[in-house]
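The file start32.txt contains compact mmCIF, C-alpha atoms:
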# COMPACT_ATOMS: atom_id res chain seq x y z
CA MET A 1 -70.44 -54.25 -2.89
CA LEU A 2 -71.04 -51.57 -5.54
CA TYR A 3 -72.36 -49.15 -2.93
CA ILE A 4 -69.38 -49.81 -0.71
CA SER A 5 -66.88 -49.30 -3.52
CA VAL A 6 -68.41 -45.98 -4.46
CA SER A 7 -68.46 -44.80 -0.87
CA ALA A 8 -64.72 -45.43 -0.55
CA ARG A 9 -63.91 -42.96 -3.30
CA ARG A 10 -63.86 -39.19 -3.58
CA LYS A 11 -63.28 -36.91 -6.56
CA ASN A 12 -60.03 -35.03 -7.15
CA GLN A 13 -59.89 -31.44 -8.48
CA ARG A 14 -60.34 -32.58 -12.06
CA GLY A 15 -63.43 -34.55 -11.14
CA GLU A 16 -61.68 -37.92 -11.33
CA LYS A 17 -62.53 -40.46 -8.68
CA MET A 18 -59.75 -40.97 -6.11
CA LYS A 19 -59.50 -43.74 -3.57
CA LYS A 20 -59.81 -42.78 0.05
CA THR A 21 -56.78 -43.73 2.10
CA VAL A 22 -56.70 -45.56 5.41
CA PHE A 23 -53.48 -45.84 7.41
CA VAL A 24 -53.24 -49.04 9.46
CA VAL A 25 -50.75 -48.85 12.35
CA ASP A 26 -50.38 -52.13 14.22
CA ASP A 27 -47.43 -54.18 15.44
CA GLU A 28 -49.13 -57.48 14.61
CA PRO A 29 -48.44 -58.44 10.98
CA ASP A 30 -51.51 -60.69 10.78
CA ILE A 31 -53.82 -57.85 11.75
CA ARG A 32 -52.16 -55.38 9.36
CA GLU A 33 -52.48 -57.82 6.48
CA SER A 34 -56.05 -58.91 7.17
CA VAL A 35 -57.27 -55.32 7.58
CA LYS A 36 -55.36 -54.26 4.44
CA THR A 37 -56.90 -57.07 2.41
CA VAL A 38 -60.47 -56.36 3.45
CA LEU A 39 -60.17 -52.57 3.07
CA GLU A 40 -58.58 -52.88 -0.37
CA GLN A 41 -61.47 -55.12 -1.39
CA GLU A 42 -63.75 -52.29 -0.29
CA GLY A 43 -61.96 -49.81 -2.53
CA TYR A 44 -59.63 -48.09 -0.10
CA GLU A 45 -55.96 -47.41 -0.56
CA VAL A 46 -54.17 -48.76 2.50
CA LEU A 47 -50.91 -47.57 4.03
CA MET A 48 -49.25 -49.56 6.81
CA ALA A 49 -46.78 -49.07 9.64
CA GLU A 50 -45.69 -51.44 12.39
CA ASN A 51 -44.91 -48.87 15.06
CA GLY A 52 -45.33 -45.24 15.99
CA GLU A 53 -41.95 -44.08 14.68
CA GLN A 54 -42.57 -45.60 11.24
CA PHE A 55 -46.09 -44.16 11.19
CA LEU A 56 -44.95 -40.60 11.97
CA LYS A 57 -42.20 -40.75 9.35
CA LYS A 58 -44.64 -41.92 6.67
CA MET A 59 -47.18 -39.30 7.74
CA GLU A 60 -44.76 -36.57 6.65
CA LYS A 61 -45.48 -37.59 3.06
CA SER A 62 -49.08 -38.75 3.25
CA SER A 63 -52.46 -37.42 4.23
CA PRO A 64 -54.83 -40.32 4.85
CA ASN A 65 -58.56 -39.88 5.43
CA LEU A 66 -58.42 -42.13 8.47
CA VAL A 67 -55.88 -43.80 10.76
CA LEU A 68 -56.48 -47.12 12.54
CA LEU A 69 -54.03 -46.98 15.43
CA ASP A 70 -53.17 -49.81 17.82
CA ILE A 71 -52.72 -48.20 21.22
CA MET A 72 -50.32 -50.74 22.73
CA MET A 73 -47.28 -51.18 20.52
CA PRO A 74 -43.59 -51.53 21.24
CA GLY A 75 -41.73 -48.22 21.00
CA LEU A 76 -43.35 -44.81 21.23
CA ALA A 77 -46.22 -44.61 23.71
CA THR A 78 -49.63 -43.68 22.32
CA LYS A 79 -49.69 -40.35 24.16
CA ASP A 80 -46.33 -39.49 22.52
CA ILE A 81 -47.52 -40.57 19.05
CA LEU A 82 -50.55 -38.29 19.36
CA GLU A 83 -48.41 -35.40 20.61
CA LYS A 84 -45.91 -35.74 17.75
CA LEU A 85 -48.72 -36.21 15.22
CA LYS A 86 -49.93 -32.68 15.98
CA GLY A 87 -46.73 -31.38 14.42
CA VAL A 88 -47.09 -33.53 11.31
CA SER A 89 -50.78 -33.70 10.51
CA LYS A 90 -53.43 -31.77 12.32
CA GLY A 91 -56.97 -32.99 11.95
CA VAL A 92 -56.52 -36.53 10.67
CA LYS A 93 -59.26 -38.74 12.11
CA ILE A 94 -58.16 -41.67 14.24
CA ILE A 95 -59.84 -44.90 15.34
CA PHE A 96 -58.09 -46.68 18.18
CA LEU A 97 -57.61 -50.45 18.01
CA THR A 98 -56.78 -52.26 21.19
CA VAL A 99 -56.65 -55.58 22.94
CA VAL A 100 -56.42 -53.77 26.26
CA ARG A 101 -59.55 -53.54 28.41
CA LEU A 102 -60.17 -50.05 29.77
CA SER A 103 -62.79 -48.64 32.10
CA ASP A 104 -65.70 -46.64 30.66
CA ASP A 105 -64.16 -43.44 32.07
CA GLU A 106 -60.87 -44.18 30.36
CA LYS A 107 -62.64 -44.85 27.05
CA SER A 108 -64.44 -41.53 27.39
CA LYS A 109 -61.13 -39.80 28.11
CA LEU A 110 -59.60 -41.36 25.00
CA LEU A 111 -62.52 -40.27 22.83
CA LYS A 112 -62.11 -36.70 24.10
CA MET A 113 -58.51 -36.62 22.86
CA ALA A 114 -58.02 -34.65 19.67
CA ASN A 115 -59.16 -36.43 16.52
CA ILE A 116 -60.10 -39.71 18.20
CA ILE A 117 -63.47 -40.65 16.77
CA ASP A 118 -63.92 -44.29 17.66
CA TYR A 119 -62.55 -47.18 19.69
CA ILE A 120 -62.48 -50.81 18.56
CA THR A 121 -61.62 -53.68 20.87
CA LYS A 122 -59.69 -56.69 19.56
CA PRO A 123 -60.50 -59.31 18.53
CA PHE A 124 -62.82 -57.46 16.18
CA ASP A 125 -65.25 -58.52 13.53
CA LEU A 126 -63.95 -57.43 10.11
CA ASP A 127 -67.45 -56.54 8.88
CA ASP A 128 -67.92 -54.28 11.89
CA LEU A 129 -64.52 -52.70 11.31
CA VAL A 130 -65.36 -52.03 7.67
CA ALA A 131 -68.68 -50.48 8.64
CA ARG A 132 -66.94 -48.15 11.07
CA VAL A 133 -64.31 -47.23 8.51
CA HIS A 134 -67.02 -46.38 5.96
CA LYS A 135 -68.71 -44.18 8.52
CA ALA A 136 -65.50 -42.40 9.48
CA ALA A 137 -63.45 -42.08 6.28
CA MET B 1 -43.79 -71.72 46.33
CA THR B 2 -44.71 -72.63 42.78
CA ASN B 3 -44.52 -70.93 39.41
CA ASN B 4 -47.61 -71.74 37.37
CA LEU B 5 -48.67 -71.11 33.81
CA ILE B 6 -52.38 -70.43 33.30
CA VAL B 7 -53.68 -71.06 29.79
CA GLN B 8 -56.93 -69.20 29.19
CA LYS B 9 -59.33 -68.17 26.50
CA THR B 10 -59.08 -64.39 26.12
CA GLU B 11 -62.76 -63.89 26.89
CA ASP B 12 -62.56 -65.96 30.10
CA CYS B 13 -59.75 -63.95 31.61
CA VAL B 14 -61.71 -61.31 33.53
CA PRO B 15 -64.39 -63.58 35.05
CA ASN B 16 -61.75 -66.13 36.06
CA LEU B 17 -59.55 -63.47 37.61
CA LEU B 18 -62.44 -62.02 39.59
CA ASN B 19 -63.40 -65.48 40.78
CA PHE B 20 -59.82 -66.22 41.81
CA ILE B 21 -59.50 -62.92 43.68
CA SER B 22 -62.82 -63.31 45.48
CA ASN B 23 -61.84 -66.79 46.70
CA SER B 24 -58.43 -65.77 48.02
CA SER B 25 -57.68 -64.23 51.37
CA GLU B 26 -53.96 -63.93 50.69
CA LYS B 27 -52.24 -60.63 49.98
CA MET B 28 -51.55 -60.50 46.28
CA CYS B 29 -49.85 -58.43 43.62
CA MET B 30 -51.16 -58.25 40.08
CA VAL B 31 -49.11 -57.07 37.11
CA LEU B 32 -51.52 -55.67 34.52
CA MET B 33 -50.63 -55.85 30.83
CA SER B 34 -54.04 -56.46 29.27
CA HIS B 35 -56.44 -54.71 31.64
CA SER B 36 -56.01 -51.26 33.10
CA TYR B 37 -56.03 -50.67 36.87
CA GLU B 38 -59.19 -48.58 36.57
CA PHE B 39 -60.92 -51.30 34.54
CA LEU B 40 -60.12 -54.04 37.04
CA LYS B 41 -60.99 -51.86 40.03
CA SER B 42 -64.36 -51.08 38.47
CA LYS B 43 -65.01 -54.80 37.92
CA LEU B 44 -64.09 -55.58 41.53
CA VAL B 45 -66.56 -52.94 42.73
CA GLN B 46 -69.27 -54.29 40.40
CA GLN B 47 -68.72 -57.79 41.82
CA GLY B 48 -68.85 -56.49 45.39
CA ILE B 49 -65.25 -57.54 46.06
CA LYS B 50 -64.23 -54.82 48.50
CA ASP B 51 -61.78 -56.42 50.88
CA ALA B 52 -59.28 -57.94 48.46
CA LYS B 53 -55.69 -57.23 49.48
CA ILE B 54 -54.22 -56.48 46.09
CA PHE B 55 -51.46 -54.21 44.92
CA PHE B 56 -51.42 -53.49 41.19
CA ILE B 57 -48.55 -52.78 38.82
CA ASP B 58 -50.22 -51.23 35.77
CA CYS B 59 -48.14 -51.36 32.57
CA ILE B 60 -50.81 -49.78 30.36
CA THR B 61 -52.30 -46.54 31.60
CA ARG B 62 -49.14 -44.44 31.61
CA SER B 63 -48.66 -45.19 27.89
CA LEU B 64 -52.07 -43.73 27.10
CA PHE B 65 -52.56 -40.73 29.34
CA LEU B 66 -50.49 -37.80 30.51
CA GLY B 67 -50.08 -37.03 34.21
CA VAL B 68 -50.83 -40.51 35.59
CA GLN B 69 -49.79 -40.65 39.26
CA ASP B 70 -49.25 -43.66 41.52
CA THR B 71 -52.02 -44.43 44.02
CA PRO B 72 -51.79 -46.23 47.40
CA ASP B 73 -52.67 -49.54 45.74
CA CYS B 74 -51.14 -49.10 42.29
CA THR B 75 -47.91 -48.09 40.64
CA PHE B 76 -47.68 -47.33 36.92
CA MET B 77 -44.95 -48.14 34.43
CA HIS B 78 -44.27 -48.72 30.71
CA ILE B 79 -43.48 -51.97 28.94
CA GLN B 80 -40.03 -51.28 27.60
CA MET B 81 -38.52 -52.27 24.27
CA ASP B 82 -35.48 -53.75 25.97
CA MET B 83 -36.43 -56.80 28.02
CA LYS B 84 -33.48 -56.29 30.39
CA ASP B 85 -34.60 -52.74 31.17
CA PHE B 86 -38.17 -53.89 31.73
CA LEU B 87 -37.00 -56.80 33.89
CA TYR B 88 -34.90 -54.49 36.02
CA GLU B 89 -37.69 -51.98 36.56
CA ILE B 90 -40.39 -54.52 37.29
CA SER B 91 -38.07 -56.52 39.56
CA GLU B 92 -37.49 -53.42 41.68
CA LYS B 93 -41.24 -52.97 42.01
CA LEU B 94 -41.86 -56.64 42.81
CA LYS B 95 -39.19 -56.67 45.53
CA LYS B 96 -41.20 -54.02 47.39
CA GLN B 97 -44.20 -56.36 47.62
CA ILE B 98 -43.04 -57.99 50.82
CA GLY B 99 -45.80 -60.08 52.36
CA ALA B 100 -47.58 -60.75 49.08
CA LYS B 101 -48.13 -64.49 48.73
CA ILE B 102 -49.59 -64.53 45.22
CA PHE B 103 -48.31 -62.80 42.10
CA ILE B 104 -50.44 -62.75 38.95
CA PHE B 105 -49.11 -61.64 35.57
CA ASP B 106 -52.01 -60.73 33.29
CA SER B 107 -50.89 -61.56 30.70
CA LEU B 108 -47.62 -62.77 29.20
CA SER B 109 -49.36 -62.93 25.81
CA ASP B 110 -49.40 -59.15 25.69
CA LEU B 111 -45.61 -59.16 25.65
CA LYS B 112 -45.27 -61.38 22.60
CA GLN B 113 -44.73 -58.52 20.15
CA TYR B 114 -42.12 -56.79 22.24
CA TRP B 115 -39.04 -58.98 22.28
CA SER B 116 -39.02 -60.93 19.06
CA PRO B 117 -37.43 -62.70 17.18
CA ASN B 118 -37.98 -65.64 19.54
CA PRO B 119 -41.71 -66.45 19.42
CA ASP B 120 -41.79 -67.40 23.07
CA SER B 121 -39.35 -64.84 24.46
CA PHE B 122 -42.12 -63.74 26.79
CA LEU B 123 -41.48 -66.98 28.70
CA ASP B 124 -37.83 -65.97 29.14
CA PHE B 125 -39.17 -62.89 30.87
CA ALA B 126 -41.26 -65.03 33.21
CA LYS B 127 -38.40 -67.38 34.00
CA SER B 128 -36.13 -64.44 34.81
CA LEU B 129 -38.55 -63.43 37.56
CA PHE B 130 -38.60 -66.85 39.28
CA PRO B 131 -35.65 -66.10 41.64
CA ILE B 132 -37.25 -62.88 42.90
CA LEU B 133 -40.61 -64.57 43.41
CA SER B 134 -38.85 -67.38 45.24
CA GLU B 135 -37.12 -64.89 47.57
CA LEU B 136 -40.50 -63.37 48.30
CA GLY B 137 -41.84 -66.83 49.16
CA ALA B 138 -44.79 -66.41 46.81
CA ASP B 139 -46.74 -68.48 44.32
CA SER B 140 -46.91 -67.02 40.85
CA TYR B 141 -49.50 -67.36 38.09
CA PHE B 142 -48.45 -66.30 34.60
CA ILE B 143 -51.41 -66.07 32.23
CA ILE B 144 -51.11 -66.76 28.51
CA TYR B 145 -53.92 -66.93 25.99
CA GLU B 146 -54.85 -70.29 24.53
CA GLN B 147 -53.70 -69.41 21.01
CA ASP B 148 -50.21 -68.54 22.26
CA LYS B 149 -49.49 -71.84 23.97
CA GLU B 150 -48.66 -73.39 20.60
CA ARG B 151 -45.85 -70.86 20.22
CA CYS B 152 -44.16 -72.15 23.36
CA THR B 153 -41.39 -74.73 23.20
CA GLU B 154 -41.42 -77.75 25.51
CA GLN B 155 -38.19 -76.48 27.03
CA HIS B 156 -39.83 -73.22 28.02
CA LEU B 157 -42.99 -74.88 29.32
CA ALA B 158 -40.94 -77.31 31.40
CA ALA B 159 -39.66 -74.43 33.53
CA PHE B 160 -43.07 -74.06 35.16
CA ASP B 161 -44.13 -76.22 38.08
CA ALA B 162 -47.61 -76.71 36.60
CA ILE B 163 -49.75 -75.68 33.68
CA TYR B 164 -53.43 -75.09 34.27
CA PHE B 165 -56.28 -74.50 31.90
CA SER B 166 -57.90 -71.45 33.51
CA PHE B 167 -57.68 -70.83 37.25
CA SER B 168 -60.13 -73.64 37.89
CA LYS B 169 -58.47 -76.50 39.79
CA GLU B 170 -61.11 -78.89 38.42
CA LYS B 171 -59.82 -78.31 34.92
CA GLU B 172 -56.25 -78.77 35.99
CA SER B 173 -54.06 -80.34 33.34
CA LYS B 174 -50.59 -81.16 34.53
CA ARG B 175 -47.91 -82.08 32.09
Show me the file's structure as C-alpha cells.
Amino acid sequence: MLYISVSARRKNQRGEKMKKTVFVVDDEPDIRESVKTVLEQEGYEVLMAENGEQFLKKMEKSSPNLVLLDIMMPGLATKDILEKLKGVSKGVKIIFLTVVRLSDDEKSKLLKMANIIDYITKPFDLDDLVARVHKAA
Amino acid sequence: MTNNLIVQKTEDCVPNLLNFISNSSEKMCMVLMSHSYEFLKSKLVQQGIKDAKIFFIDCITRSLFLGVQDTPDCTFMHIQMDMKDFLYEISEKLKKQIGAKIFIFDSLSDLKQYWSPNPDSFLDFAKSLFPILSELGADSYFIIYEQDKERCTEQHLAAFDAIYFSFSKEKESKR
C-alpha cells in the first residue's frame, strides 16, 4: 500500500508532493463511485463526469494525468468527444472502458487514435484497473 | 409470431447467440447494442458459420469511428438520447427487413442508461416495436442480462409471450 500511495503522487514546483489526478467518465453511477473509492484509497485525486458534455466542460478547468472514458454513453458519441477534446486538452492520456465487444481490428484502430493508451472491458477487476492506472498515470 | 424475453448471463451471450444462429435456417435480423458487427462477423467465421442469412443493424460502430459506411449485410446507426427518435429510426430500418422471420435485440440491457428515470424504460422500447414485428410476421427475442431482470416490473414482463433463461429451450422458464 505504501508503494502504491507514493506512486500516485508527483512533486509540484516547490517540491511538495501533489496527488495525481484521474478523471472518470462513465454514465453508470455505481461504476463511477466504485472506481473513485478505490483510486482515492490508492492516493489519487478523482474527478468525475457522467457524460461527454459534462466531461468536456470540466476539462476546460482541469488537467488530469489520466482519463478513464466509457465509450458508450448517452449523448455525445465517443468520436465527437475525442474530436472536441483536441481543442480543450491536447495530450491527456485516455484509457477506454467499455461493455461493448469489439473485434481485434477495431480494438487496434481504437488504440491508434490519439492519446488512447489502453482498453478495459467491463465487467473489470478493480485490482487490474488499479494496476493499469498506476502504469499509465 | 411471439415476442420473447431472453434472460442471460453476460458471459454466455456470445456462445448462446452463435449456437442459436448456427441452428437456425430462417432469415434473421439482429440489432447489435453490445457487440459490434465486425466482432460478431469474426466470431461467425471462427465458428465456421458461413451460410447464415442475417442482416445486422449495428448501433455501436458509428459512435466510435469516423467514416463508417453501410455494407450489404449491415446498416449502422446511433442510439439516440430521445427514445421516440430512436424508435422512429430503428422502426424504419426494421420495416425494410421483409422476409426476416427472426429478430434478435442484443441487448436491451445496453439501453438502460439512456432513457431514465424509469428503471425498466428499455422494456417500453421493446413493447413499442411489437406492432412492427407483428406486421412483419416475425418472432422476436429481446435479450436482457440476468442482473437487469430484477429491475423489471411484473407489468412490463407480462407484455412478453415468454421469458427464457438463455436461448436453450431445455432451460425454458415460462411465467
- Task: Would you kindly report the residues of chain A within 9 Å of chain B, using only C-alpha atoms, as a list in words?
- Result: Asp27, Glu28, Ile71, Met72, Met73, Pro74, Gly75, Leu76, Ala77, Thr78, Lys79, Asp80, Val99, Val100, Arg101, Leu102, Ser103, Asp104, Asp105, Glu106, Lys109 and Leu110 of chain A
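Note that the spacing between atom CA of A:Val38 and atom CA of A:Thr121 amounts to 17.7 Å.
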- Message: I'd like the interatomic distance between atom CA of A:Val22 and atom CA of A:Tyr119, to a tenth of an Å.
- Response: 15.5 Å
- Task: Give as a PyMOL selection string the set of residues within 10 Å of the point (-54.2, -66.7, 49.7), where distances use the file's coordinates and only C-alpha atoms.
- Result: chain B and resi 20-21+23-28+53+100-102+138-139
Just the selected residues (C-alpha atoms), exported as an mmCIF file, in the coordinates of the input, please.
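Generated file (again38.cif):
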data_model
loop_
_atom_site.group_PDB
_atom_site.id
_atom_site.type_symbol
_atom_site.label_atom_id
_atom_site.label_comp_id
_atom_site.auth_asym_id
_atom_site.auth_seq_id
_atom_site.Cartn_x
_atom_site.Cartn_y
_atom_site.Cartn_z
ATOM 1 C CA PHE B 20 -59.820 -66.220 41.810
ATOM 2 C CA ILE B 21 -59.500 -62.920 43.680
ATOM 3 C CA ASN B 23 -61.840 -66.790 46.700
ATOM 4 C CA SER B 24 -58.430 -65.770 48.020
ATOM 5 C CA SER B 25 -57.680 -64.230 51.370
ATOM 6 C CA GLU B 26 -53.960 -63.930 50.690
ATOM 7 C CA LYS B 27 -52.240 -60.630 49.980
ATOM 8 C CA MET B 28 -51.550 -60.500 46.280
ATOM 9 C CA LYS B 53 -55.690 -57.230 49.480
ATOM 10 C CA ALA B 100 -47.580 -60.750 49.080
ATOM 11 C CA LYS B 101 -48.130 -64.490 48.730
ATOM 12 C CA ILE B 102 -49.590 -64.530 45.220
ATOM 13 C CA ALA B 138 -44.790 -66.410 46.810
ATOM 14 C CA ASP B 139 -46.740 -68.480 44.320
#
- Best match for closeness to A:Glu45 among A:Met113, A:Leu82, A:Ala137, A:Ile120, counting all atoms listed in the file: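 Closest to A:Glu45, using all atoms listed in the file: A:Ala137.
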- Pick from B:Ser121, B:Gln8, B:Asn3, B:Thr75: nearest to B:Gln147, with only C-alpha atoms counted?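 The closest residue to B:Gln147 is B:Gln8.
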- Query: Looking at only C-alpha atoms, which of A:Tyr44, A:Phe23, A:Phe124, A:Phe96 is the one that sits closest to A:Leu69?
  - Reply: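 Counting only C-alpha atoms, the residue closest to A:Leu69 is A:Phe96.
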- Hey, what's within 10 Å of A:Val92 if we count all atoms listed in the file and toss same-chain stuff fewer than 2 positions away? As a ChimeraX atom specification, please? /A:63-67,85-86,88-90,94,114-116,137
- For the atom pair atom CA of A:Asp30 and atom CA of B:Ser166, what is the interatomic distance in Å to one decimal place?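 Computing it gives 25.9 Å between the two atoms.
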- Note on the structure: In terms of all atoms listed in the file, the residue from A:Lys112, A:Arg132, A:Glu83, A:Pro123 at minimal distance from A:Leu56 is A:Glu83
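The smallest atom-to-atom distance between B:Thr2 and any of B:Phe76, B:Phe55, B:Phe165, B:Phe103, using all atoms listed in the file, is found for B:Phe103.
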- Which one of A:Asp127, A:Val133, A:Gln41, A:Ile117 sits closest to A:Val24 if you count all atoms listed in the file?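 Using all atoms listed in the file, A:Val24 sits closest to A:Val133.
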- Task: Take the point (-51.2, -49.0, 43.7) in the file's coordinates, draw a sphere of radius 10 Å around it, and report as a ChimeraX atom specification every protein, DNA or RNA residue with an atom inside or on it, counting only C-alpha atoms.
- Result: /B:29-30,37,54-58,69-76
Deliver the residues from the most recent selection as a file, using C-alpha atoms, as a PDB file, in the frame of the given file.
ATOM      1  CA  CYS B  29     -49.850 -58.430  43.620  1.00  0.00           C
ATOM      2  CA  MET B  30     -51.160 -58.250  40.080  1.00  0.00           C
ATOM      3  CA  TYR B  37     -56.030 -50.670  36.870  1.00  0.00           C
ATOM      4  CA  ILE B  54     -54.220 -56.480  46.090  1.00  0.00           C
ATOM      5  CA  PHE B  55     -51.460 -54.210  44.920  1.00  0.00           C
ATOM      6  CA  PHE B  56     -51.420 -53.490  41.190  1.00  0.00           C
ATOM      7  CA  ILE B  57     -48.550 -52.780  38.820  1.00  0.00           C
ATOM      8  CA  ASP B  58     -50.220 -51.230  35.770  1.00  0.00           C
ATOM      9  CA  GLN B  69     -49.790 -40.650  39.260  1.00  0.00           C
ATOM     10  CA  ASP B  70     -49.250 -43.660  41.520  1.00  0.00           C
ATOM     11  CA  THR B  71     -52.020 -44.430  44.020  1.00  0.00           C
ATOM     12  CA  PRO B  72     -51.790 -46.230  47.400  1.00  0.00           C
ATOM     13  CA  ASP B  73     -52.670 -49.540  45.740  1.00  0.00           C
ATOM     14  CA  CYS B  74     -51.140 -49.100  42.290  1.00  0.00           C
ATOM     15  CA  THR B  75     -47.910 -48.090  40.640  1.00  0.00           C
ATOM     16  CA  PHE B  76     -47.680 -47.330  36.920  1.00  0.00           C
TER      17      PHE B  76
END
